[in-house]
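File shown: coords_0.cif (mmCIF, C-alpha atoms; chains and numbers go by the auth columns).
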data_start
loop_
_atom_site.group_PDB
_atom_site.id
_atom_site.type_symbol
_atom_site.label_atom_id
_atom_site.label_comp_id
_atom_site.label_asym_id
_atom_site.label_seq_id
_atom_site.Cartn_x
_atom_site.Cartn_y
_atom_site.Cartn_z
_atom_site.B_iso_or_equiv
_atom_site.auth_seq_id
_atom_site.auth_asym_id
ATOM 1 C CA MET A 1 0.000 0.000 0.000 0.00 1 A
ATOM 2 C CA ASP A 2 2.843 2.374 0.882 0.00 2 A
ATOM 3 C CA ALA A 3 4.508 1.608 -2.445 0.00 3 A
ATOM 4 C CA LEU A 4 1.274 2.448 -4.266 0.00 4 A
ATOM 5 C CA TRP A 5 1.068 5.840 -2.566 0.00 5 A
ATOM 6 C CA MET A 6 4.638 6.546 -3.669 0.00 6 A
ATOM 7 C CA VAL A 7 4.044 5.488 -7.285 0.00 7 A
ATOM 8 C CA SER A 8 0.721 7.291 -7.741 0.00 8 A
ATOM 9 C CA PRO A 9 2.201 10.835 -7.961 0.00 9 A
ATOM 10 C CA LEU A 10 4.653 9.598 -10.591 0.00 10 A
ATOM 11 C CA LEU A 11 1.792 8.220 -12.658 0.00 11 A
ATOM 12 C CA LEU A 12 0.056 11.587 -12.514 0.00 12 A
ATOM 13 C CA VAL A 13 2.999 13.414 -14.113 0.00 13 A
ATOM 14 C CA PRO A 14 2.493 12.130 -17.698 0.00 14 A
ATOM 15 C CA LEU A 15 -1.260 12.684 -17.393 0.00 15 A
ATOM 16 C CA LEU A 16 -0.809 16.277 -16.256 0.00 16 A
ATOM 17 C CA LEU A 17 1.753 16.896 -18.991 0.00 17 A
ATOM 18 C CA TRP A 18 -0.837 16.024 -21.619 0.00 18 A
ATOM 19 C CA THR A 19 -3.849 17.683 -20.021 0.00 19 A
ATOM 20 C CA SER A 20 -2.523 20.845 -18.355 0.00 20 A
ATOM 21 C CA SER A 21 -0.506 23.381 -20.350 0.00 21 A
ATOM 22 C CA THR A 22 0.283 25.251 -17.121 0.00 22 A
ATOM 23 C CA PHE A 23 1.731 22.147 -15.481 0.00 23 A
ATOM 24 C CA ALA A 24 3.649 21.308 -18.667 0.00 24 A
ATOM 25 C CA PHE A 25 5.149 24.814 -18.755 0.00 25 A
ATOM 26 C CA TYR A 26 6.445 24.753 -15.191 0.00 26 A
ATOM 27 C CA PHE A 27 7.528 21.130 -15.320 0.00 27 A
ATOM 28 C CA LYS A 28 9.640 21.668 -18.435 0.00 28 A
ATOM 29 C CA LYS A 29 10.988 24.932 -17.080 0.00 29 A
ATOM 30 C CA PHE A 30 12.097 23.157 -13.914 0.00 30 A
ATOM 31 C CA PHE A 31 13.535 20.297 -15.953 0.00 31 A
ATOM 32 C CA TYR A 32 15.500 22.693 -18.164 0.00 32 A
ATOM 33 C CA VAL A 33 17.073 24.517 -15.228 0.00 33 A
ATOM 34 C CA ALA A 34 17.819 21.302 -13.321 0.00 34 A
ATOM 35 C CA TRP A 35 19.297 19.577 -16.384 0.00 35 A
ATOM 36 C CA MET A 36 21.526 22.547 -17.208 0.00 36 A
ATOM 37 C CA MET A 37 22.823 22.565 -13.625 0.00 37 A
ATOM 38 C CA PHE A 38 23.524 18.836 -13.895 0.00 38 A
ATOM 39 C CA LEU A 39 25.376 19.318 -17.189 0.00 39 A
ATOM 40 C CA ALA A 40 27.399 22.084 -15.562 0.00 40 A
ATOM 41 C CA LEU A 41 28.284 19.669 -12.749 0.00 41 A
ATOM 42 C CA LEU A 42 29.659 17.274 -15.369 0.00 42 A
ATOM 43 C CA ALA A 43 31.506 20.006 -17.236 0.00 43 A
ATOM 44 C CA ILE A 44 33.331 21.417 -14.201 0.00 44 A
ATOM 45 C CA PRO A 45 35.759 18.503 -13.606 0.00 45 A
ATOM 46 C CA MET A 46 36.142 17.997 -17.367 0.00 46 A
ATOM 47 C CA SER A 47 37.184 21.633 -17.756 0.00 47 A
ATOM 48 C CA VAL A 48 39.609 21.497 -14.836 0.00 48 A
ATOM 49 C CA VAL A 49 41.256 18.359 -16.221 0.00 49 A
ATOM 50 C CA LYS A 50 41.393 19.740 -19.779 0.00 50 A
ATOM 51 C CA SER A 51 42.613 23.264 -19.105 0.00 51 A
ATOM 52 C CA GLY A 52 43.570 23.386 -15.455 0.00 52 A
ATOM 53 C CA GLY A 53 41.099 26.178 -14.674 0.00 53 A
ATOM 54 C CA ARG A 54 39.547 29.227 -16.342 0.00 54 A
ATOM 55 C CA ASP A 55 40.124 29.026 -20.106 0.00 55 A
ATOM 56 C CA ILE A 56 38.053 29.962 -23.140 0.00 56 A
ATOM 57 C CA GLU A 57 38.804 26.531 -24.619 0.00 57 A
ATOM 58 C CA ASN A 58 36.415 25.111 -22.019 0.00 58 A
ATOM 59 C CA MET A 59 33.585 26.556 -24.109 0.00 59 A
ATOM 60 C CA ARG A 60 34.113 23.571 -26.419 0.00 60 A
ATOM 61 C CA ILE A 61 33.096 21.276 -23.566 0.00 61 A
ATOM 62 C CA ILE A 62 30.072 23.415 -22.702 0.00 62 A
ATOM 63 C CA ARG A 63 29.013 23.531 -26.347 0.00 63 A
ATOM 64 C CA PHE A 64 29.326 19.759 -26.697 0.00 64 A
ATOM 65 C CA LEU A 65 27.305 18.996 -23.564 0.00 65 A
ATOM 66 C CA VAL A 66 24.511 21.513 -24.237 0.00 66 A
ATOM 67 C CA ARG A 67 23.748 20.835 -27.896 0.00 67 A
ATOM 68 C CA HIS A 68 21.512 17.826 -27.200 0.00 68 A
ATOM 69 C CA VAL A 69 19.175 19.744 -24.868 0.00 69 A
ATOM 70 C CA LYS A 70 17.108 21.033 -27.795 0.00 70 A
ATOM 71 C CA TYR A 71 15.959 17.484 -28.490 0.00 71 A
ATOM 72 C CA LEU A 72 14.800 16.993 -24.900 0.00 72 A
ATOM 73 C CA LEU A 73 12.644 20.122 -25.189 0.00 73 A
ATOM 74 C CA GLY A 74 11.306 19.248 -28.622 0.00 74 A
ATOM 75 C CA LEU A 75 13.091 22.085 -30.396 0.00 75 A
ATOM 76 C CA GLN A 76 14.105 22.306 -34.018 0.00 76 A
ATOM 77 C CA ILE A 77 16.680 25.022 -34.674 0.00 77 A
ATOM 78 C CA GLU A 78 16.888 26.217 -38.275 0.00 78 A
ATOM 79 C CA VAL A 79 20.191 27.985 -38.945 0.00 79 A
ATOM 80 C CA SER A 80 20.935 30.181 -41.936 0.00 80 A
ATOM 81 C CA GLY A 81 24.034 32.216 -42.704 0.00 81 A
ATOM 82 C CA GLN A 82 26.404 30.272 -40.453 0.00 82 A
ATOM 83 C CA GLU A 83 29.103 30.664 -43.106 0.00 83 A
ATOM 84 C CA HIS A 84 29.387 34.321 -42.076 0.00 84 A
ATOM 85 C CA LEU A 85 31.055 33.167 -38.869 0.00 85 A
ATOM 86 C CA GLN A 86 33.870 31.439 -40.759 0.00 86 A
ATOM 87 C CA LEU A 87 36.315 34.298 -40.229 0.00 87 A
ATOM 88 C CA GLN A 88 39.847 34.515 -38.909 0.00 88 A
ATOM 89 C CA GLY A 89 40.814 36.596 -35.916 0.00 89 A
ATOM 90 C CA PRO A 90 38.732 38.360 -33.246 0.00 90 A
ATOM 91 C CA TYR A 91 35.273 39.770 -33.835 0.00 91 A
ATOM 92 C CA VAL A 92 32.116 40.708 -31.932 0.00 92 A
ATOM 93 C CA ILE A 93 28.805 38.868 -32.354 0.00 93 A
ATOM 94 C CA ILE A 94 25.704 40.863 -31.424 0.00 94 A
ATOM 95 C CA SER A 95 22.443 39.027 -30.744 0.00 95 A
ATOM 96 C CA ASN A 96 18.939 39.710 -29.489 0.00 96 A
ATOM 97 C CA HIS A 97 18.028 38.247 -26.106 0.00 97 A
ATOM 98 C CA GLN A 98 14.614 36.755 -25.286 0.00 98 A
ATOM 99 C CA SER A 99 15.083 34.210 -22.494 0.00 99 A
ATOM 100 C CA SER A 100 17.478 31.802 -20.811 0.00 100 A
ATOM 101 C CA LEU A 101 16.728 29.441 -23.697 0.00 101 A
ATOM 102 C CA ASP A 102 18.830 31.644 -25.977 0.00 102 A
ATOM 103 C CA VAL A 103 21.851 29.699 -24.799 0.00 103 A
ATOM 104 C CA LEU A 104 20.620 26.740 -26.881 0.00 104 A
ATOM 105 C CA GLY A 105 20.712 28.790 -30.070 0.00 105 A
ATOM 106 C CA MET A 106 24.065 30.260 -29.115 0.00 106 A
ATOM 107 C CA MET A 107 25.631 26.848 -28.572 0.00 107 A
ATOM 108 C CA GLU A 108 24.245 25.693 -31.913 0.00 108 A
ATOM 109 C CA ILE A 109 26.533 28.059 -33.847 0.00 109 A
ATOM 110 C CA LEU A 110 29.145 29.174 -31.286 0.00 110 A
ATOM 111 C CA PRO A 111 32.489 29.415 -33.125 0.00 111 A
ATOM 112 C CA ASP A 112 35.734 28.212 -31.575 0.00 112 A
ATOM 113 C CA ARG A 113 37.497 30.566 -29.166 0.00 113 A
ATOM 114 C CA CYS A 114 34.279 32.465 -28.526 0.00 114 A
ATOM 115 C CA THR A 115 32.777 33.351 -25.171 0.00 115 A
ATOM 116 C CA THR A 116 30.087 35.783 -24.089 0.00 116 A
ATOM 117 C CA ILE A 117 29.433 38.752 -21.846 0.00 117 A
ATOM 118 C CA ALA A 118 26.946 38.147 -19.030 0.00 118 A
ATOM 119 C CA LYS A 119 25.547 39.901 -15.997 0.00 119 A
ATOM 120 C CA LYS A 120 27.593 39.524 -12.830 0.00 120 A
ATOM 121 C CA GLU A 121 24.708 37.882 -10.957 0.00 121 A
ATOM 122 C CA LEU A 122 25.074 34.756 -13.106 0.00 122 A
ATOM 123 C CA ILE A 123 28.314 33.795 -11.391 0.00 123 A
ATOM 124 C CA TYR A 124 26.300 33.006 -8.244 0.00 124 A
ATOM 125 C CA ALA A 125 24.020 30.528 -10.056 0.00 125 A
ATOM 126 C CA GLY A 126 25.525 27.404 -8.504 0.00 126 A
ATOM 127 C CA THR A 127 27.220 24.966 -10.862 0.00 127 A
ATOM 128 C CA VAL A 128 26.096 27.016 -13.885 0.00 128 A
ATOM 129 C CA GLY A 129 27.872 30.077 -12.526 0.00 129 A
ATOM 130 C CA LEU A 130 31.071 28.132 -11.897 0.00 130 A
ATOM 131 C CA ILE A 131 31.183 26.583 -15.369 0.00 131 A
ATOM 132 C CA CYS A 132 30.515 30.005 -16.887 0.00 132 A
ATOM 133 C CA TRP A 133 33.553 31.319 -15.042 0.00 133 A
ATOM 134 C CA LEU A 134 35.650 28.345 -16.142 0.00 134 A
ATOM 135 C CA GLY A 135 34.517 28.993 -19.734 0.00 135 A
ATOM 136 C CA GLY A 136 36.008 32.469 -19.680 0.00 136 A
ATOM 137 C CA ILE A 137 32.675 34.303 -19.716 0.00 137 A
ATOM 138 C CA VAL A 138 33.126 38.037 -19.065 0.00 138 A
ATOM 139 C CA PHE A 139 30.968 39.254 -16.177 0.00 139 A
ATOM 140 C CA ILE A 140 29.853 42.871 -15.929 0.00 140 A
ATOM 141 C CA ASN A 141 28.085 44.814 -13.200 0.00 141 A
ATOM 142 C CA ARG A 142 25.188 46.470 -15.003 0.00 142 A
ATOM 143 C CA LYS A 143 24.420 48.660 -11.988 0.00 143 A
ATOM 144 C CA LYS A 144 27.830 50.355 -12.045 0.00 144 A
ATOM 145 C CA THR A 145 28.571 51.957 -15.391 0.00 145 A
ATOM 146 C CA SER A 146 32.205 52.671 -14.530 0.00 146 A
ATOM 147 C CA ASP A 147 32.870 49.039 -13.627 0.00 147 A
ATOM 148 C CA ALA A 148 31.169 47.832 -16.811 0.00 148 A
ATOM 149 C CA LYS A 149 33.266 50.202 -18.922 0.00 149 A
ATOM 150 C CA ASN A 150 36.499 48.982 -17.335 0.00 150 A
ATOM 151 C CA VAL A 151 35.524 45.364 -17.949 0.00 151 A
ATOM 152 C CA MET A 152 34.684 46.081 -21.604 0.00 152 A
ATOM 153 C CA CYS A 153 37.991 47.897 -22.038 0.00 153 A
ATOM 154 C CA ASP A 154 39.878 44.906 -20.633 0.00 154 A
ATOM 155 C CA ALA A 155 37.808 42.602 -22.852 0.00 155 A
ATOM 156 C CA ALA A 156 38.879 44.540 -25.955 0.00 156 A
ATOM 157 C CA LYS A 157 42.523 44.064 -25.012 0.00 157 A
ATOM 158 C CA THR A 158 41.992 40.364 -24.327 0.00 158 A
ATOM 159 C CA MET A 159 40.293 39.931 -27.702 0.00 159 A
ATOM 160 C CA LEU A 160 43.447 41.074 -29.453 0.00 160 A
ATOM 161 C CA GLU A 161 46.006 39.446 -27.196 0.00 161 A
ATOM 162 C CA ASP A 162 44.319 36.032 -27.142 0.00 162 A
ATOM 163 C CA GLN A 163 42.551 36.234 -30.539 0.00 163 A
ATOM 164 C CA ILE A 164 39.103 35.510 -29.160 0.00 164 A
ATOM 165 C CA ARG A 165 35.544 36.343 -30.224 0.00 165 A
ATOM 166 C CA LEU A 166 32.842 37.770 -27.962 0.00 166 A
ATOM 167 C CA TRP A 167 29.095 37.181 -28.104 0.00 167 A
ATOM 168 C CA VAL A 168 27.204 40.226 -26.792 0.00 168 A
ATOM 169 C CA PHE A 169 23.521 40.919 -26.124 0.00 169 A
ATOM 170 C CA PRO A 170 23.386 44.686 -26.813 0.00 170 A
ATOM 171 C CA GLU A 171 19.782 45.123 -25.639 0.00 171 A
ATOM 172 C CA GLY A 172 21.134 44.728 -22.121 0.00 172 A
ATOM 173 C CA THR A 173 18.178 42.672 -20.865 0.00 173 A
ATOM 174 C CA ARG A 174 15.660 40.067 -21.960 0.00 174 A
ATOM 175 C CA ASN A 175 12.919 41.113 -24.362 0.00 175 A
ATOM 176 C CA GLN A 176 10.033 38.822 -25.356 0.00 176 A
ATOM 177 C CA GLN A 177 7.959 41.400 -27.227 0.00 177 A
ATOM 178 C CA GLY A 178 9.150 40.361 -30.676 0.00 178 A
ATOM 179 C CA ASP A 179 10.815 43.684 -31.458 0.00 179 A
ATOM 180 C CA LEU A 180 14.240 44.994 -30.450 0.00 180 A
ATOM 181 C CA LEU A 181 15.017 47.258 -27.525 0.00 181 A
ATOM 182 C CA PRO A 182 17.410 50.186 -28.053 0.00 182 A
ATOM 183 C CA PHE A 183 20.963 48.853 -28.226 0.00 183 A
ATOM 184 C CA LYS A 184 23.529 49.694 -25.591 0.00 184 A
ATOM 185 C CA LYS A 185 26.742 51.034 -27.113 0.00 185 A
ATOM 186 C CA GLY A 186 29.089 48.645 -25.332 0.00 186 A
ATOM 187 C CA ALA A 187 29.246 46.009 -28.080 0.00 187 A
ATOM 188 C CA PHE A 188 30.089 48.583 -30.742 0.00 188 A
ATOM 189 C CA HIS A 189 32.624 50.366 -28.551 0.00 189 A
ATOM 190 C CA LEU A 190 34.195 46.963 -28.004 0.00 190 A
ATOM 191 C CA ALA A 191 34.703 46.460 -31.742 0.00 191 A
ATOM 192 C CA VAL A 192 35.940 50.029 -32.208 0.00 192 A
ATOM 193 C CA GLN A 193 38.418 49.790 -29.340 0.00 193 A
ATOM 194 C CA ALA A 194 39.806 46.555 -30.719 0.00 194 A
ATOM 195 C CA GLN A 195 40.505 48.323 -34.000 0.00 195 A
ATOM 196 C CA LEU A 196 41.996 51.391 -32.338 0.00 196 A
ATOM 197 C CA THR A 197 44.366 49.200 -30.359 0.00 197 A
ATOM 198 C CA ALA A 198 45.480 47.245 -33.433 0.00 198 A
ATOM 199 C CA PRO A 199 44.663 49.099 -36.685 0.00 199 A
ATOM 200 C CA ARG A 200 45.338 46.041 -38.822 0.00 200 A
ATOM 201 C CA THR A 201 42.715 43.997 -37.014 0.00 201 A
ATOM 202 C CA PRO A 202 39.353 43.929 -38.843 0.00 202 A
ATOM 203 C CA ASN A 203 36.689 45.806 -36.908 0.00 203 A
ATOM 204 C CA LEU A 204 33.721 43.491 -37.247 0.00 204 A
ATOM 205 C CA SER A 205 30.315 43.145 -35.666 0.00 205 A
ATOM 206 C CA ILE A 206 28.277 40.137 -36.813 0.00 206 A
ATOM 207 C CA PRO A 207 24.525 40.373 -36.138 0.00 207 A
ATOM 208 C CA VAL A 208 22.709 37.194 -35.088 0.00 208 A
ATOM 209 C CA HIS A 209 18.938 37.064 -34.704 0.00 209 A
ATOM 210 C CA GLN A 210 17.110 34.341 -32.791 0.00 210 A
ATOM 211 C CA LYS A 211 13.386 34.155 -33.398 0.00 211 A
ATOM 212 C CA TRP A 212 11.473 31.795 -31.141 0.00 212 A
ATOM 213 C CA ARG A 213 8.145 31.113 -32.802 0.00 213 A
ATOM 214 C CA ALA A 214 5.469 31.330 -30.126 0.00 214 A
ATOM 215 C CA LEU A 215 8.014 31.515 -27.314 0.00 215 A
ATOM 216 C CA LEU A 216 5.430 31.103 -24.579 0.00 216 A
ATOM 217 C CA GLN A 217 4.144 27.938 -26.248 0.00 217 A
ATOM 218 C CA LEU A 218 7.585 26.341 -26.107 0.00 218 A
ATOM 219 C CA TYR A 219 6.518 24.331 -23.061 0.00 219 A
ATOM 220 C CA SER A 220 3.073 23.530 -24.401 0.00 220 A
ATOM 221 C CA LEU A 221 1.319 20.176 -24.061 0.00 221 A
ATOM 222 C CA ASP A 222 1.620 19.442 -27.788 0.00 222 A
ATOM 223 C CA ALA A 223 4.363 16.808 -27.828 0.00 223 A
ATOM 224 C CA SER A 224 3.555 15.651 -31.360 0.00 224 A
ATOM 225 C CA SER A 225 5.252 18.604 -33.045 0.00 225 A
ATOM 226 C CA GLU A 226 8.465 20.517 -32.510 0.00 226 A
ATOM 227 C CA THR A 227 8.791 24.179 -31.768 0.00 227 A
ATOM 228 C CA CYS A 228 10.918 25.774 -34.468 0.00 228 A
ATOM 229 C CA VAL A 229 13.579 28.369 -33.765 0.00 229 A
ATOM 230 C CA ASP A 230 14.899 30.562 -36.579 0.00 230 A
ATOM 231 C CA LEU A 231 18.574 31.406 -36.084 0.00 231 A
ATOM 232 C CA VAL A 232 19.906 33.835 -38.678 0.00 232 A
ATOM 233 C CA VAL A 233 23.533 34.945 -38.978 0.00 233 A
ATOM 234 C CA TYR A 234 23.965 38.096 -41.059 0.00 234 A
ATOM 235 C CA ARG A 235 26.986 39.513 -42.846 0.00 235 A
ATOM 236 C CA GLN A 236 29.518 41.399 -40.758 0.00 236 A
ATOM 237 C CA MET A 237 29.246 45.149 -40.300 0.00 237 A
ATOM 238 C CA HIS A 238 32.266 47.414 -40.721 0.00 238 A
ATOM 239 C CA GLN A 239 32.109 50.694 -38.822 0.00 239 A
ATOM 240 C CA ASN A 240 33.517 53.678 -40.661 0.00 240 A
ATOM 241 C CA GLY A 241 34.924 56.809 -39.078 0.00 241 A
ATOM 242 C CA ALA A 242 31.610 58.664 -39.018 0.00 242 A
ATOM 243 C CA GLU A 243 29.868 55.768 -37.303 0.00 243 A
ATOM 244 C CA GLN A 244 32.653 55.514 -34.735 0.00 244 A
ATOM 245 C CA GLU A 245 32.364 59.237 -34.005 0.00 245 A
ATOM 246 C CA ALA A 246 28.597 58.877 -33.573 0.00 246 A
ATOM 247 C CA LEU A 247 29.166 56.331 -30.825 0.00 247 A
ATOM 248 C CA GLY A 248 30.600 59.020 -28.624 0.00 248 A
ATOM 249 C CA PRO A 249 33.666 58.806 -26.373 0.00 249 A
ATOM 250 C CA PRO A 250 35.352 55.406 -26.124 0.00 250 A
ATOM 251 C CA LEU A 251 34.838 53.333 -23.007 0.00 251 A
#

Please re-express this file's structure in structure tokens.
Amino acid sequence: MDALWMVSPLLLVPLLLWTSSTFAFYFKKFFYVAWMMFLALLAIPMSVVKSGGRDIENMRIIRFLVRHVKYLLGLQIEVSGQEHLQLQGPYVIISNHQSSLDVLGMMEILPDRCTTIAKKELIYAGTVGLICWLGGIVFINRKKTSDAKNVMCDAAKTMLEDQIRLWVFPEGTRNQQGDLLPFKKGAFHLAVQAQLTAPRTPNLSIPVHQKWRALLQLYSLDASSETCVDLVVYRQMHQNGAEQEALGPPL
């Protein structure tokens, strides 16, 4: 009898998944967060063994471990323009930001020696925060403009010295309205500063747009069809002198 009482709640889970869209949403949201924390737990010792600590090369491990998650959530990611990322040297990738699920699209096309800029609070997110640090992710304090500017300045130098690429979300926050929020200037200053430091280095910003069709229905009860994500990589943008001047003072 005791065993039956223990099994009964487990039997209710599949039933609720198919009959309650609200339950399905929160169940899959919990699963996504829990699974990502578990993957981070696996990645931490792998990264330490591979690189001995914080190193951008650990992003290869993160990318490898995360790419399968889209299948668990019933996602189909359609990528176009990925050839525009096949460039040599450092560059900046700018992307819209809708939710924590954006990391799945990012890992789908993340080039080698590429990391991202994230809010400082993420470093306290348990195993996920630790693996982000080990992956060389650049953390900024959005509440202190001076600190953020110093971090971006150091990031520009690191881009050139270590020949890395940076993925930036220039909207500065999540936006699920379908349009784009006004861009912060940091990503563009980053590209400009990299060029000013080394004039022979191409000054590139590569726009990436992730479009989650019916984002709020991602966790819906319809398990018979996949939710499709459009991931478009556009041609790189070169900033001329007038555009650089319009950005205002460097960071």

Just checking: using all atoms listed in the file, which residue out of A:Val33, A:Ile62, A:Ile164, A:Ile56 ends up closest to A:Leu87?
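For A:Leu87, the nearest of the given residues is A:Ile164.
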
Could you state the separation of atom CA of A:Leu160 and atom CA of A:Gln88 in Å, given to one decimal place?
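These two atoms are separated by 12.1 Å.
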
Among the residues A:Lys144, A:Arg113, A:Lys120, A:Lys28, the one that comes closest to A:Cys132 [using only C-alpha atoms]
A:Lys120

Between atom CA of A:Met152 and atom CA of A:Phe139 - distance in Å to one decimal:
9.5 Å

Once the PyMOL selection byres ((chain A and resi 163) around 12) is applied to the coordinates I shared, what remains selected? I want it as number ranges by chain.
A: 56-57, 87-92, 112-115, 155-162, 164-166, 194, 198, 201-202

Work out how far atom CA of A:Gly105 is from atom CA of A:Gly74, in Å to one decimal.
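Computing it gives 13.5 Å between the two atoms.
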
Tell me which residues come within 10 Å of (34.4, 23.0, -20.6), as a PyMOL selection string, counting only C-alpha atoms in the file's coordinates.
chain A and resi 40+42-51+53-65+131-132+134-136

Could you write those residues out with C-alpha atoms, as a compact mmCIF listing (two decimals), in the frame of the given file?
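What follows is the written file out_31.txt:
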# COMPACT_ATOMS: atom_id res chain seq x y z
CA ALA A 40 27.40 22.08 -15.56
CA LEU A 42 29.66 17.27 -15.37
CA ALA A 43 31.51 20.01 -17.24
CA ILE A 44 33.33 21.42 -14.20
CA PRO A 45 35.76 18.50 -13.61
CA MET A 46 36.14 18.00 -17.37
CA SER A 47 37.18 21.63 -17.76
CA VAL A 48 39.61 21.50 -14.84
CA VAL A 49 41.26 18.36 -16.22
CA LYS A 50 41.39 19.74 -19.78
CA SER A 51 42.61 23.26 -19.10
CA GLY A 53 41.10 26.18 -14.67
CA ARG A 54 39.55 29.23 -16.34
CA ASP A 55 40.12 29.03 -20.11
CA ILE A 56 38.05 29.96 -23.14
CA GLU A 57 38.80 26.53 -24.62
CA ASN A 58 36.42 25.11 -22.02
CA MET A 59 33.58 26.56 -24.11
CA ARG A 60 34.11 23.57 -26.42
CA ILE A 61 33.10 21.28 -23.57
CA ILE A 62 30.07 23.42 -22.70
CA ARG A 63 29.01 23.53 -26.35
CA PHE A 64 29.33 19.76 -26.70
CA LEU A 65 27.30 19.00 -23.56
CA ILE A 131 31.18 26.58 -15.37
CA CYS A 132 30.52 30.00 -16.89
CA LEU A 134 35.65 28.34 -16.14
CA GLY A 135 34.52 28.99 -19.73
CA GLY A 136 36.01 32.47 -19.68

Given the PyMOL selection byres ((chain A and resi 104) around 8) and the file above, list the residues it selects as a ChimeraX atom specification.
/A:66-67,69-70,101-103,105-108

I need the output of the PyMOL selection byres ((chain A and resi 168) around 6) for this file as a ChimeraX atom specification; which residues are they?
/A:93-94,116-117,167,169-170

For those residues, write C-alpha atoms to a file as a PDB file, keeping the file's coordinate frame.
ATOM      1  CA  ILE A  93      28.805  38.868 -32.354  1.00  0.00           C
ATOM      2  CA  ILE A  94      25.704  40.863 -31.424  1.00  0.00           C
ATOM      3  CA  THR A 116      30.087  35.783 -24.089  1.00  0.00           C
ATOM      4  CA  ILE A 117      29.433  38.752 -21.846  1.00  0.00           C
ATOM      5  CA  TRP A 167      29.095  37.181 -28.104  1.00  0.00           C
ATOM      6  CA  PHE A 169      23.521  40.919 -26.124  1.00  0.00           C
ATOM      7  CA  PRO A 170      23.386  44.686 -26.813  1.00  0.00           C
TER       8      PRO A 170
END

Pick from A:Tyr124, A:Phe30, A:Ser21, A:Glu78 nearest to A:Leu231, counting all atoms listed in the file:
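For A:Leu231, the nearest of the given residues is A:Glu78.
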
To test the calculation: enclose all listed atoms of stretch 20-26 of chain A in a box whose edges run along x, y and z, add 5 Å on each side, then state centre and edge lengths in Å to one decimal, as AutoDock Vina command-line options.
--center_x 2.0 --center_y 23.0 --center_z -17.8 --size_x 19.0 --size_y 14.4 --size_z 15.2

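Close to (21.8, 27.1, -17.6), meaning no more than 9 Å away when counting only C-alpha atoms, sit the residues Tyr32, Val33, Ala34, Trp35, Met36, Met37, Leu39, Ala40, Ser100, Leu101, Val103, Ala125, Thr127, Val128 and Gly129 of chain A.
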